[in-house]
file work.pdb (PDB, C-alpha atoms)
ATOM      1  CA  MET A  55     111.094  73.403  85.422
ATOM      2  CA  LYS A  56     109.443  72.977  82.037
ATOM      3  CA  ARG A  57     106.218  71.828  83.682
ATOM      4  CA  VAL A  58     106.356  74.724  86.156
ATOM      5  CA  LEU A  59     106.705  77.237  83.316
ATOM      6  CA  MET A  60     103.921  75.545  81.409
ATOM      7  CA  SER A  61     101.627  75.587  84.430
ATOM      8  CA  ALA A  62     102.378  79.252  85.021
ATOM      9  CA  ALA A  63     101.578  80.018  81.406
ATOM     10  CA  MET A  64      98.304  78.108  81.675
ATOM     11  CA  LEU A  65      97.353  80.361  84.569
ATOM     12  CA  GLY A  66      98.365  83.509  82.708
ATOM     13  CA  MET A  67     101.471  84.219  84.801
ATOM     14  CA  ALA A  68     104.011  83.767  82.021
ATOM     15  CA  GLY A  69     104.154  85.055  78.499
ATOM     16  CA  THR A  70     106.316  85.020  75.387
ATOM     17  CA  GLY A  71     107.185  87.385  72.596
ATOM     18  CA  ALA A  72     103.941  86.368  70.928
ATOM     19  CA  ALA A  73     102.234  89.009  73.074
ATOM     20  CA  GLN A  74     103.295  91.454  70.356
ATOM     21  CA  ALA A  75     101.377  89.524  67.687
ATOM     22  CA  ALA A  76      98.290  90.833  65.925
ATOM     23  CA  CYS A  77      95.834  88.414  67.537
ATOM     24  CA  GLY A  78      93.259  90.205  69.671
ATOM     25  CA  GLU A  79      90.545  89.048  72.040
ATOM     26  CA  VAL A  80      89.157  85.523  71.702
ATOM     27  CA  SER A  81      86.303  83.886  73.630
ATOM     28  CA  ILE A  82      86.021  80.105  73.838
ATOM     29  CA  THR A  83      83.621  77.813  75.675
ATOM     30  CA  GLU A  84      84.679  75.855  78.732
ATOM     31  CA  MET A  85      82.032  73.133  78.823
ATOM     32  CA  ASN A  86      81.159  71.493  82.126
ATOM     33  CA  TRP A  87      82.811  68.138  81.408
ATOM     34  CA  ALA A  88      86.455  67.165  81.600
ATOM     35  CA  SER A  89      87.340  66.265  78.002
ATOM     36  CA  ALA A  90      85.995  69.571  76.696
ATOM     37  CA  GLN A  91      87.831  71.448  79.449
ATOM     38  CA  ILE A  92      91.099  69.781  78.418
ATOM     39  CA  VAL A  93      90.497  70.770  74.793
ATOM     40  CA  THR A  94      89.832  74.354  75.872
ATOM     41  CA  SER A  95      92.885  74.491  78.148
ATOM     42  CA  VAL A  96      95.217  73.164  75.434
ATOM     43  CA  SER A  97      93.712  75.481  72.816
ATOM     44  CA  LYS A  98      93.908  78.497  75.145
ATOM     45  CA  PHE A  99      97.577  77.788  75.840
ATOM     46  CA  LEU A 100      98.405  77.525  72.141
ATOM     47  CA  MET A 101      96.485  80.704  71.304
ATOM     48  CA  GLU A 102      97.990  82.759  74.117
ATOM     49  CA  GLN A 103     101.581  81.503  74.074
ATOM     50  CA  GLY A 104     101.869  80.819  70.347
ATOM     51  CA  TYR A 105      99.796  83.603  68.828
ATOM     52  CA  GLY A 106      99.590  86.273  71.547
ATOM     53  CA  CYS A 107      95.785  86.162  71.864
ATOM     54  CA  ASP A 108      93.896  87.478  74.878
ATOM     55  CA  VAL A 109      91.678  84.460  75.571
ATOM     56  CA  ALA A 110      88.576  84.475  77.760
ATOM     57  CA  THR A 111      86.949  81.174  78.685
ATOM     58  CA  VAL A 112      83.156  81.076  78.953
ATOM     59  CA  PRO A 113      81.648  78.448  81.286
ATOM     60  CA  SER A 114      78.881  76.698  79.363
ATOM     61  CA  ALA A 115      77.149  73.484  78.284
ATOM     62  CA  THR A 116      75.658  72.288  74.996
ATOM     63  CA  VAL A 117      72.252  73.941  75.139
ATOM     64  CA  PRO A 118      73.399  77.259  76.676
ATOM     65  CA  ALA A 119      76.259  77.492  74.165
ATOM     66  CA  VAL A 120      73.969  77.092  71.157
ATOM     67  CA  THR A 121      71.442  79.496  72.702
ATOM     68  CA  SER A 122      74.188  82.086  73.197
ATOM     69  CA  LEU A 123      75.326  81.696  69.597
ATOM     70  CA  SER A 124      71.758  82.237  68.445
ATOM     71  CA  GLU A 125      70.925  85.182  70.673
ATOM     72  CA  ASN A 126      74.286  86.944  71.050
ATOM     73  CA  GLY A 127      76.555  85.638  68.285
ATOM     74  CA  GLU A 128      79.119  84.534  70.857
ATOM     75  CA  PRO A 129      81.377  83.049  72.089
ATOM     76  CA  ASP A 130      83.802  83.093  69.159
ATOM     77  CA  ILE A 131      84.681  79.401  69.496
ATOM     78  CA  VAL A 132      82.512  76.531  70.731
ATOM     79  CA  THR A 133      84.427  73.316  71.103
ATOM     80  CA  GLU A 134      83.321  69.745  71.780
ATOM     81  CA  LEU A 135      79.858  70.536  70.465
ATOM     82  CA  TRP A 136      77.942  67.257  70.174
ATOM     83  CA  LEU A 137      76.040  67.804  66.942
ATOM     84  CA  ASN A 138      73.310  65.249  67.544
ATOM     85  CA  SER A 139      72.363  66.944  70.799
ATOM     86  CA  THR A 140      72.086  70.506  69.479
ATOM     87  CA  GLY A 141      68.577  70.368  67.993
ATOM     88  CA  GLU A 142      67.250  72.577  65.218
ATOM     89  CA  VAL A 143      68.773  75.830  66.481
ATOM     90  CA  TYR A 144      72.346  74.969  65.517
ATOM     91  CA  ALA A 145      71.266  73.628  62.101
ATOM     92  CA  ARG A 146      69.512  76.942  61.418
ATOM     93  CA  LEU A 147      72.566  78.958  62.481
ATOM     94  CA  GLU A 148      74.812  76.989  60.140
ATOM     95  CA  ALA A 149      72.309  77.234  57.280
ATOM     96  CA  GLU A 150      72.168  81.014  57.769
ATOM     97  CA  GLY A 151      75.972  81.208  57.591
ATOM     98  CA  LYS A 152      76.314  82.569  61.126
ATOM     99  CA  VAL A 153      78.503  79.714  62.331
ATOM    100  CA  GLU A 154      80.899  77.315  60.653
ATOM    101  CA  PRO A 155      82.121  73.889  61.770
ATOM    102  CA  VAL A 156      85.896  73.835  61.394
ATOM    103  CA  ALA A 157      87.001  70.507  62.909
ATOM    104  CA  ASP A 158      85.980  67.124  64.224
ATOM    105  CA  ILE A 159      87.445  67.682  67.675
ATOM    106  CA  LEU A 160      87.218  63.960  68.484
ATOM    107  CA  ALA A 161      88.316  61.379  65.930
ATOM    108  CA  PRO A 162      86.514  59.352  64.758
ATOM    109  CA  GLY A 163      83.720  60.836  66.903
ATOM    110  CA  GLY A 164      81.918  60.483  70.178
ATOM    111  CA  VAL A 165      79.732  57.736  71.562
ATOM    112  CA  GLU A 166      76.719  58.147  73.804
ATOM    113  CA  GLY A 167      73.849  56.053  75.046
ATOM    114  CA  TRP A 168      72.513  54.060  77.970
ATOM    115  CA  TRP A 169      74.897  51.643  79.682
ATOM    116  CA  VAL A 170      75.089  48.894  82.294
ATOM    117  CA  PRO A 171      78.184  47.229  83.789
ATOM    118  CA  ALA A 172      79.434  44.194  81.880
ATOM    119  CA  TYR A 173      79.263  42.042  85.012
ATOM    120  CA  LEU A 174      75.477  42.515  85.110
ATOM    121  CA  VAL A 175      75.106  41.392  81.499
ATOM    122  CA  GLU A 176      77.361  38.402  82.084
ATOM    123  CA  GLU A 177      74.999  37.260  84.825
ATOM    124  CA  HIS A 178      71.782  38.464  83.185
ATOM    125  CA  PRO A 179      72.188  38.686  79.383
ATOM    126  CA  GLU A 180      68.703  40.160  78.995
ATOM    127  CA  LEU A 181      69.978  43.423  80.483
ATOM    128  CA  ALA A 182      71.740  44.185  77.205
ATOM    129  CA  THR A 183      68.389  45.462  75.883
ATOM    130  CA  VAL A 184      66.075  48.113  77.309
ATOM    131  CA  GLU A 185      63.183  45.656  77.054
ATOM    132  CA  GLY A 186      65.082  43.250  79.296
ATOM    133  CA  ILE A 187      65.767  46.007  81.790
ATOM    134  CA  MET A 188      62.122  47.097  81.853
ATOM    135  CA  ALA A 189      61.066  43.505  82.471
ATOM    136  CA  ASN A 190      63.578  43.202  85.344
ATOM    137  CA  PRO A 191      64.066  46.684  86.825
ATOM    138  CA  GLU A 192      65.268  45.319  90.156
ATOM    139  CA  LEU A 193      68.361  43.869  88.441
ATOM    140  CA  VAL A 194      69.612  47.386  87.660
ATOM    141  CA  GLY A 195      68.602  48.820  91.012
ATOM    142  CA  ALA A 196      65.288  50.092  89.602
ATOM    143  CA  ARG A 197      66.966  53.415  88.790
ATOM    144  CA  PHE A 198      68.101  55.315  85.719
ATOM    145  CA  ASP A 199      70.950  57.808  86.179
ATOM    146  CA  ASN A 200      70.058  60.733  83.928
ATOM    147  CA  CYS A 201      72.117  63.619  82.498
ATOM    148  CA  PRO A 202      72.497  66.932  84.327
ATOM    149  CA  ASP A 203      70.241  69.781  83.291
ATOM    150  CA  GLY A 204      71.723  71.828  80.442
ATOM    151  CA  TRP A 205      73.185  68.847  78.587
ATOM    152  CA  GLY A 206      71.672  68.077  75.192
ATOM    153  CA  CYS A 207      71.289  64.427  76.202
ATOM    154  CA  ARG A 208      68.980  65.475  79.035
ATOM    155  CA  ILE A 209      66.384  66.630  76.513
ATOM    156  CA  VAL A 210      66.760  63.436  74.463
ATOM    157  CA  ASN A 211      66.511  61.242  77.560
ATOM    158  CA  ASP A 212      63.514  63.151  78.874
ATOM    159  CA  ASN A 213      61.761  62.322  75.607
ATOM    160  CA  LEU A 214      62.910  58.700  75.460
ATOM    161  CA  ILE A 215      61.797  57.947  79.018
ATOM    162  CA  PRO A 216      58.049  58.466  78.430
ATOM    163  CA  ALA A 217      58.252  57.076  74.889
ATOM    164  CA  LEU A 218      59.558  53.794  76.326
ATOM    165  CA  GLY A 219      57.398  53.871  79.441
ATOM    166  CA  LEU A 220      60.491  53.507  81.608
ATOM    167  CA  GLU A 221      58.943  54.905  84.781
ATOM    168  CA  ALA A 222      55.772  52.887  84.320
ATOM    169  CA  ALA A 223      57.977  49.782  84.216
ATOM    170  CA  GLY A 224      59.218  50.584  87.716
ATOM    171  CA  VAL A 225      62.442  52.472  86.970
ATOM    172  CA  GLU A 226      63.012  55.622  89.037
ATOM    173  CA  ILE A 227      64.636  58.531  87.216
ATOM    174  CA  PHE A 228      67.482  60.206  89.083
ATOM    175  CA  ASN A 229      68.496  63.522  87.519
ATOM    176  CA  HIS A 230      72.116  64.316  88.328
ATOM    177  CA  GLY A 231      73.143  67.854  89.121
ATOM    178  CA  SER A 232      76.625  67.647  87.629
ATOM    179  CA  ALA A 233      78.959  65.527  85.543
ATOM    180  CA  GLU A 234      80.913  64.727  88.696
ATOM    181  CA  THR A 235      77.994  63.072  90.468
ATOM    182  CA  LEU A 236      77.010  61.135  87.337
ATOM    183  CA  PHE A 237      80.522  59.759  86.892
ATOM    184  CA  THR A 238      80.933  59.068  90.592
ATOM    185  CA  SER A 239      77.703  57.084  90.694
ATOM    186  CA  LEU A 240      78.975  54.758  87.958
ATOM    187  CA  ALA A 241      82.458  54.400  89.465
ATOM    188  CA  SER A 242      81.125  53.697  92.959
ATOM    189  CA  ALA A 243      78.657  51.106  91.710
ATOM    190  CA  TYR A 244      81.256  49.363  89.564
ATOM    191  CA  GLU A 245      83.854  49.148  92.304
ATOM    192  CA  ASP A 246      81.207  47.660  94.626
ATOM    193  CA  GLY A 247      79.899  45.252  91.966
ATOM    194  CA  ALA A 248      76.489  46.884  92.390
ATOM    195  CA  PRO A 249      73.728  47.550  89.838
ATOM    196  CA  TRP A 250      73.938  50.684  87.685
ATOM    197  CA  PHE A 251      71.926  51.823  84.672
ATOM    198  CA  GLY A 252      72.216  55.232  83.085
ATOM    199  CA  TYR A 253      73.467  57.607  80.443
ATOM    200  CA  MET A 254      77.156  57.895  79.628
ATOM    201  CA  TYR A 255      79.219  59.227  76.773
ATOM    202  CA  GLY A 256      82.741  58.809  75.526
ATOM    203  CA  PRO A 257      85.408  59.951  75.830
ATOM    204  CA  THR A 258      85.285  59.676  79.608
ATOM    205  CA  ALA A 259      87.643  58.244  82.172
ATOM    206  CA  VAL A 260      84.973  55.877  83.460
ATOM    207  CA  LEU A 261      84.339  54.277  80.056
ATOM    208  CA  GLY A 262      88.081  53.961  79.633
ATOM    209  CA  LYS A 263      88.491  52.411  83.060
ATOM    210  CA  TYR A 264      85.405  50.197  83.445
ATOM    211  CA  ASP A 265      83.989  47.459  81.218
ATOM    212  CA  MET A 266      80.508  48.631  80.267
ATOM    213  CA  VAL A 267      77.835  47.381  77.842
ATOM    214  CA  LYS A 268      75.818  49.793  75.711
ATOM    215  CA  VAL A 269      72.138  48.941  76.095
ATOM    216  CA  GLU A 270      70.161  48.389  72.896
ATOM    217  CA  ILE A 271      67.358  50.970  72.996
ATOM    218  CA  GLY A 272      66.060  50.271  69.493
ATOM    219  CA  PRO A 273      66.893  50.986  65.856
ATOM    220  CA  ILE A 274      68.420  54.346  65.027
ATOM    221  CA  ASP A 275      65.852  56.631  63.406
ATOM    222  CA  GLU A 276      67.404  59.982  62.506
ATOM    223  CA  GLU A 277      64.042  61.733  62.203
ATOM    224  CA  ILE A 278      62.838  60.524  65.612
ATOM    225  CA  HIS A 279      66.176  61.346  67.241
ATOM    226  CA  ALA A 280      66.071  64.849  65.776
ATOM    227  CA  ALA A 281      62.543  65.340  67.142
ATOM    228  CA  ASN A 282      63.651  64.047  70.548
ATOM    229  CA  GLN A 283      66.162  66.902  70.751
ATOM    230  CA  ASN A 284      63.217  69.298  71.076
ATOM    231  CA  GLN A 285      62.173  69.750  74.701
ATOM    232  CA  ASP A 286      58.659  70.665  73.521
ATOM    233  CA  ASN A 287      58.237  67.466  71.502
ATOM    234  CA  ALA A 288      54.568  66.534  71.915
ATOM    235  CA  ASP A 289      54.980  63.042  70.507
ATOM    236  CA  PRO A 290      58.374  61.579  71.484
ATOM    237  CA  GLY A 291      59.453  58.349  69.849
ATOM    238  CA  VAL A 292      62.043  55.639  70.349
ATOM    239  CA  SER A 293      65.417  55.819  68.633
ATOM    240  CA  ASP A 294      68.871  54.861  69.822
ATOM    241  CA  PHE A 295      71.618  57.490  69.820
ATOM    242  CA  PRO A 296      73.352  57.636  66.428
ATOM    243  CA  PRO A 297      77.145  57.968  66.227
ATOM    244  CA  ALA A 298      78.011  61.443  67.403
ATOM    245  CA  PRO A 299      79.913  63.984  65.337
ATOM    246  CA  VAL A 300      81.705  66.215  67.854
ATOM    247  CA  LEU A 301      82.719  69.563  66.437
ATOM    248  CA  THR A 302      84.631  72.737  66.951
ATOM    249  CA  VAL A 303      82.501  75.618  65.676
ATOM    250  CA  VAL A 304      83.429  79.252  65.096
ATOM    251  CA  THR A 305      81.242  82.221  64.312
ATOM    252  CA  ALA A 306      81.486  83.660  60.818
ATOM    253  CA  GLU A 307      82.458  87.020  62.305
ATOM    254  CA  PHE A 308      85.356  85.441  64.188
ATOM    255  CA  ARG A 309      86.524  83.484  61.134
ATOM    256  CA  ASP A 310      86.809  86.735  59.205
ATOM    257  CA  ARG A 311      88.337  88.679  62.120
ATOM    258  CA  GLU A 312      90.903  86.056  63.210
ATOM    259  CA  PRO A 313      91.511  83.767  60.215
ATOM    260  CA  GLU A 314      94.822  82.479  61.614
ATOM    261  CA  ILE A 315      93.158  81.286  64.833
ATOM    262  CA  ALA A 316      90.272  79.779  62.894
ATOM    263  CA  GLU A 317      92.909  77.887  60.893
ATOM    264  CA  LEU A 318      94.539  76.697  64.127
ATOM    265  CA  MET A 319      91.230  75.445  65.511
ATOM    266  CA  SER A 320      90.533  73.608  62.254
ATOM    267  CA  LYS A 321      93.561  71.411  63.017
ATOM    268  CA  VAL A 322      93.055  70.781  66.743
ATOM    269  CA  SER A 323      91.700  67.223  67.016
ATOM    270  CA  PHE A 324      92.141  64.456  69.577
ATOM    271  CA  ASP A 325      91.946  60.758  68.823
ATOM    272  CA  ILE A 326      89.257  59.444  71.158
ATOM    273  CA  ASN A 327      91.662  56.848  72.575
ATOM    274  CA  VAL A 328      94.197  59.586  73.326
ATOM    275  CA  MET A 329      91.505  61.576  75.107
ATOM    276  CA  ASN A 330      90.375  58.529  77.084
ATOM    277  CA  ALA A 331      93.991  58.041  78.152
ATOM    278  CA  LEU A 332      94.284  61.699  79.187
ATOM    279  CA  LEU A 333      91.123  61.437  81.245
ATOM    280  CA  ALA A 334      92.362  58.260  82.894
ATOM    281  CA  TRP A 335      95.713  59.975  83.638
ATOM    282  CA  LYS A 336      93.876  62.954  85.135
ATOM    283  CA  ASP A 337      91.813  60.659  87.326
ATOM    284  CA  ALA A 338      94.726  58.463  88.422
ATOM    285  CA  ASN A 339      96.885  61.471  89.317
ATOM    286  CA  ASN A 340      94.114  63.570  90.832
ATOM    287  CA  ALA A 341      95.258  66.247  88.406
ATOM    288  CA  SER A 342      93.622  69.511  87.455
ATOM    289  CA  VAL A 343      92.527  70.284  83.913
ATOM    290  CA  GLU A 344      95.542  72.599  83.529
ATOM    291  CA  GLU A 345      97.933  69.899  84.754
ATOM    292  CA  THR A 346      96.398  67.436  82.303
ATOM    293  CA  ALA A 347      96.810  69.928  79.470
ATOM    294  CA  VAL A 348     100.459  70.417  80.462
ATOM    295  CA  HIS A 349     100.883  66.627  80.465
ATOM    296  CA  PHE A 350      99.472  66.419  76.935
ATOM    297  CA  ILE A 351     101.573  69.272  75.580
ATOM    298  CA  THR A 352     104.842  68.062  77.107
ATOM    299  CA  GLU A 353     104.275  64.440  76.099
ATOM    300  CA  ASN A 354     102.864  64.983  72.599
ATOM    301  CA  PRO A 355     104.895  67.716  70.841
ATOM    302  CA  ASP A 356     104.727  65.884  67.528
ATOM    303  CA  THR A 357     100.931  66.131  67.641
ATOM    304  CA  TRP A 358     100.298  69.765  68.558
ATOM    305  CA  SER A 359     103.291  71.096  66.589
ATOM    306  CA  GLY A 360     101.436  70.045  63.461
ATOM    307  CA  TRP A 361      98.469  72.196  64.469
ATOM    308  CA  VAL A 362     100.241  75.545  64.801
ATOM    309  CA  SER A 363     101.850  77.949  62.358
ATOM    310  CA  ASP A 364     105.622  78.180  61.906
ATOM    311  CA  ALA A 365     105.771  81.440  63.860
ATOM    312  CA  ALA A 366     103.682  80.055  66.710
ATOM    313  CA  ARG A 367     105.801  76.894  66.791
ATOM    314  CA  ALA A 368     108.901  79.070  67.264
ATOM    315  CA  GLU A 369     107.277  80.961  70.141
ATOM    316  CA  LEU A 370     106.168  77.763  71.846
ATOM    317  CA  SER A 371     109.558  76.132  71.369
ATOM    318  CA  ALA A 372     111.189  79.073  73.140
ATOM    319  CA  LEU A 373     108.895  78.533  76.138
ATOM    320  CA  LEU A 374     109.385  74.768  76.213
ATOM    321  CA  GLN A 375     113.185  74.705  75.969
TER     322      GLN A 375
END
call {"tool": "encode", "arguments": {"input": "work.pdb", "output": "structure tokens"}}
result
Amino acid sequence: MKRVLMSAAMLGMAGTGAAQAACGEVSITEMNWASAQIVTSVSKFLMEQGYGCDVATVPSATVPAVTSLSENGEPDIVTELWLNSTGEVYARLEAEGKVEPVADILAPGGVEGWWVPAYLVEEHPELATVEGIMANPELVGARFDNCPDGWGCRIVNDNLIPALGLEAAGVEIFNHGSAETLFTSLASAYEDGAPWFGYMYGPTAVLGKYDMVKVEIGPIDEEIHAANQNQDNADPGVSDFPPAPVLTVVTAEFRDREPEIAELMSKVSFDINVMNALLAWKDANNASVEETAVHFITENPDTWSGWVSDAARAELSALLQ
């Protein structure tokens, strides 16, 4: 019964006395990958059922979210924003005081890069480096599985590919249309023991489930990586992906308008291993994002209860009894 009530609340069919609270309208991104969607679903539930907010989710991705912040000053909250894939636009917005990072949504941070299955490296150790792959493209299926359009990594990859001469080495670039097809391509290849070479990030269910090796692209050069985040970069260079700060960001206007919710979002943070486990649970149970959020909330009360105010905790406890 508790899970039924929780699921109903996730879908907006149940409410609590918090509806009388002072919190007004809130907009929050719903990025097009599972971990971010779980963060948004959990946060939405806490805001609506604990604080009485009217929450609207905004389908988005990294680049569109930052563009919207720049051009429209919205949405109010952008969560799971991968800082090293946002380019110069986000840095300018923060410098101008228009947005404020309030939390590291993933602790200790995210990981991203180019990967191959461990079984390929065990058989061909040279595939642990991009030079080894370019010298033996047939060993990885002569294909690179690229990010979907709209992801920040797509811009970085599209600069790295010519800088390395990947296509000239005989590697075809396959641009995925969605996160689902990218993840499925890795899972299918791994379960068949087949070659696979492409971009992946963590937390993801596939990195939690499958033994993968991060390919050495080259030394990390922050200046080159920053330039590679510009889709109009006329002279792309080679740099590996640095460790990824992954943030929750709010607009300055929202921080001043809804300080209590900004305070809540400053505390919402998921250990990356916890998120990997949630993603694996979602995958194993063929669960929806809402069902996964319910699973987290019902199984981890000691975690989220530390995020919310005393009044919100009382409202949520009444729903969960």
call {"tool": "atom_distance", "arguments": {"input": "work.pdb", "atom1": "atom CA of Ser139 of chain A", "atom2": "atom CA of Ala280 of chain A"}}
result
8.3 Å
call {"tool": "atom_distance", "arguments": {"input": "work.pdb", "atom1": "atom CA of Glu148 of chain A", "atom2": "atom CA of Asp130 of chain A"}}
result
14.1 Å
call {"tool": "resolve_selection", "arguments": {"input": "work.pdb", "expression": "the PyMOL selection byres ((chain A and resi 169) around 8)", "output": "ChimeraX atom specification"}}
result
/A:167-168,170-171,251-254,266-269
call {"tool": "resolve_selection", "arguments": {"input": "work.pdb", "expression": "the PyMOL selection byres ((chain A and resi 156) around 10)", "output": "VMD selection string"}}
result
chain A and resid 131 133 153 to 155 157 to 159 301 to 304 309 316 to 322
call {"tool": "atom_distance", "arguments": {"input": "work.pdb", "atom1": "atom CA of Ala281 of chain A", "atom2": "atom CA of Phe198 of chain A"}}
result
21.8 Å
call {"tool": "resolve_selection", "arguments": {"input": "work.pdb", "expression": "the PyMOL selection byres ((chain A and resi 282) around 10)", "output": "number ranges by chain"}}
result
A: 139, 141, 207, 209-214, 217, 276-281, 283-293
call {"tool": "closest_residue", "arguments": {"input": "work.pdb", "among": "A:Phe99, A:Tyr264, A:Tyr173, A:Trp136", "to": "Ala334 of chain A", "atoms": "all atoms listed in the file"}}
result
A:Tyr264
call {"tool": "residues_around", "arguments": {"input": "work.pdb", "residues": "Thr116 of chain A", "least_positions_apart": "4", "cutoff": "7 Å", "atoms": "all atoms listed in the file", "output": "MDAnalysis selection string"}}
result
chainID A and resid 120 135 140 204:206
call {"tool": "residues_around", "arguments": {"input": "work.pdb", "residues": "segment 176-193 of chain A", "least_positions_apart": "6", "cutoff": "7 Å", "atoms": "only C-alpha atoms", "output": "NGL selection string"}}
result
:A and (220 or 223-225 or 249 or 267 or 269-271)
call {"tool": "closest_residue", "arguments": {"input": "work.pdb", "among": "A:Glu79, A:Glu128, A:Glu312, A:Glu84", "to": "Glu102 of chain A", "atoms": "all atoms listed in the file"}}
result
A:Glu79
call {"tool": "closest_atom_pairs", "arguments": {"input": "work.pdb", "of": "segment 70-170 of chain A", "to": "segment 353-367 of chain A", "cutoff": "10 Å", "atoms": "all atoms listed in the file", "output": "JSON lines"}}
result
{"residue": "A:Ala72", "atom": "CA", "partner": "A:Ala366", "partner_atom": "CA", "distance": 7.6}
{"residue": "A:Ala75", "atom": "CA", "partner": "A:Ala366", "partner_atom": "CA", "distance": 9.8}
{"residue": "A:Val96", "atom": "CA", "partner": "A:Trp358", "partner_atom": "CA", "distance": 9.2}
{"residue": "A:Ser97", "atom": "CA", "partner": "A:Trp358", "partner_atom": "CA", "distance": 9.7}
{"residue": "A:Leu100", "atom": "CA", "partner": "A:Val362", "partner_atom": "CA", "distance": 7.8}
{"residue": "A:Met101", "atom": "CA", "partner": "A:Ala366", "partner_atom": "CA", "distance": 8.6}
{"residue": "A:Glu102", "atom": "CA", "partner": "A:Ala366", "partner_atom": "CA", "distance": 9.7}
{"residue": "A:Gln103", "atom": "CA", "partner": "A:Ala366", "partner_atom": "CA", "distance": 7.8}
{"residue": "A:Gly104", "atom": "CA", "partner": "A:Ala366", "partner_atom": "CA", "distance": 4.1}
{"residue": "A:Tyr105", "atom": "CA", "partner": "A:Ala366", "partner_atom": "CA", "distance": 5.7}
{"residue": "A:Gly106", "atom": "CA", "partner": "A:Ala366", "partner_atom": "CA", "distance": 8.9}
call {"tool": "residues_near_point", "arguments": {"input": "work.pdb", "point": "(83.1, 64.1, 61.8)", "cutoff": "7 Å", "atoms": "all atoms listed in the file", "output": "compact mmCIF listing (two decimals) with C-alpha atoms, in the frame of the given file"}}
result
# COMPACT_ATOMS: atom_id res chain seq x y z
CA ASP A 158 85.98 67.12 64.22
CA PRO A 162 86.51 59.35 64.76
CA GLY A 163 83.72 60.84 66.90
CA PRO A 299 79.91 63.98 65.34
CA VAL A 300 81.70 66.22 67.85
call {"tool": "closest_residue", "arguments": {"input": "work.pdb", "among": "A:Phe324, A:Trp87, A:Tyr144, A:Tyr255", "to": "Ala298 of chain A", "atoms": "only C-alpha atoms"}}
result
A:Tyr255
call {"tool": "closest_residue", "arguments": {"input": "work.pdb", "among": "A:Ile274, A:Val132, A:Leu240, A:Val117", "to": "Ala259 of chain A", "atoms": "all atoms listed in the file"}}
result
A:Leu240
call {"tool": "decode", "arguments": {"input": "work.pdb", "residues": "segment 335-346 of chain A", "atoms": "C-alpha atoms", "output": "PDB file, in the first residue's frame"}}
result
ATOM      1  CA  TRP A 335      17.696  -2.227 -10.097  1.00  0.00           C
ATOM      2  CA  LYS A 336      15.656  -0.302 -12.669  1.00  0.00           C
ATOM      3  CA  ASP A 337      17.107  -2.389 -15.473  1.00  0.00           C
ATOM      4  CA  ALA A 338      16.728  -5.734 -13.690  1.00  0.00           C
ATOM      5  CA  ASN A 339      13.107  -5.018 -12.745  1.00  0.00           C
ATOM      6  CA  ASN A 340      12.122  -3.349 -16.004  1.00  0.00           C
ATOM      7  CA  ALA A 341      10.953  -0.489 -13.809  1.00  0.00           C
ATOM      8  CA  SER A 342       9.898   3.010 -14.749  1.00  0.00           C
ATOM      9  CA  VAL A 343      11.717   6.089 -13.504  1.00  0.00           C
ATOM     10  CA  GLU A 344       8.859   6.739 -11.055  1.00  0.00           C
ATOM     11  CA  GLU A 345       9.015   3.172  -9.726  1.00  0.00           C
ATOM     12  CA  THR A 346      12.770   3.515  -9.267  1.00  0.00           C
TER      13      THR A 346
END
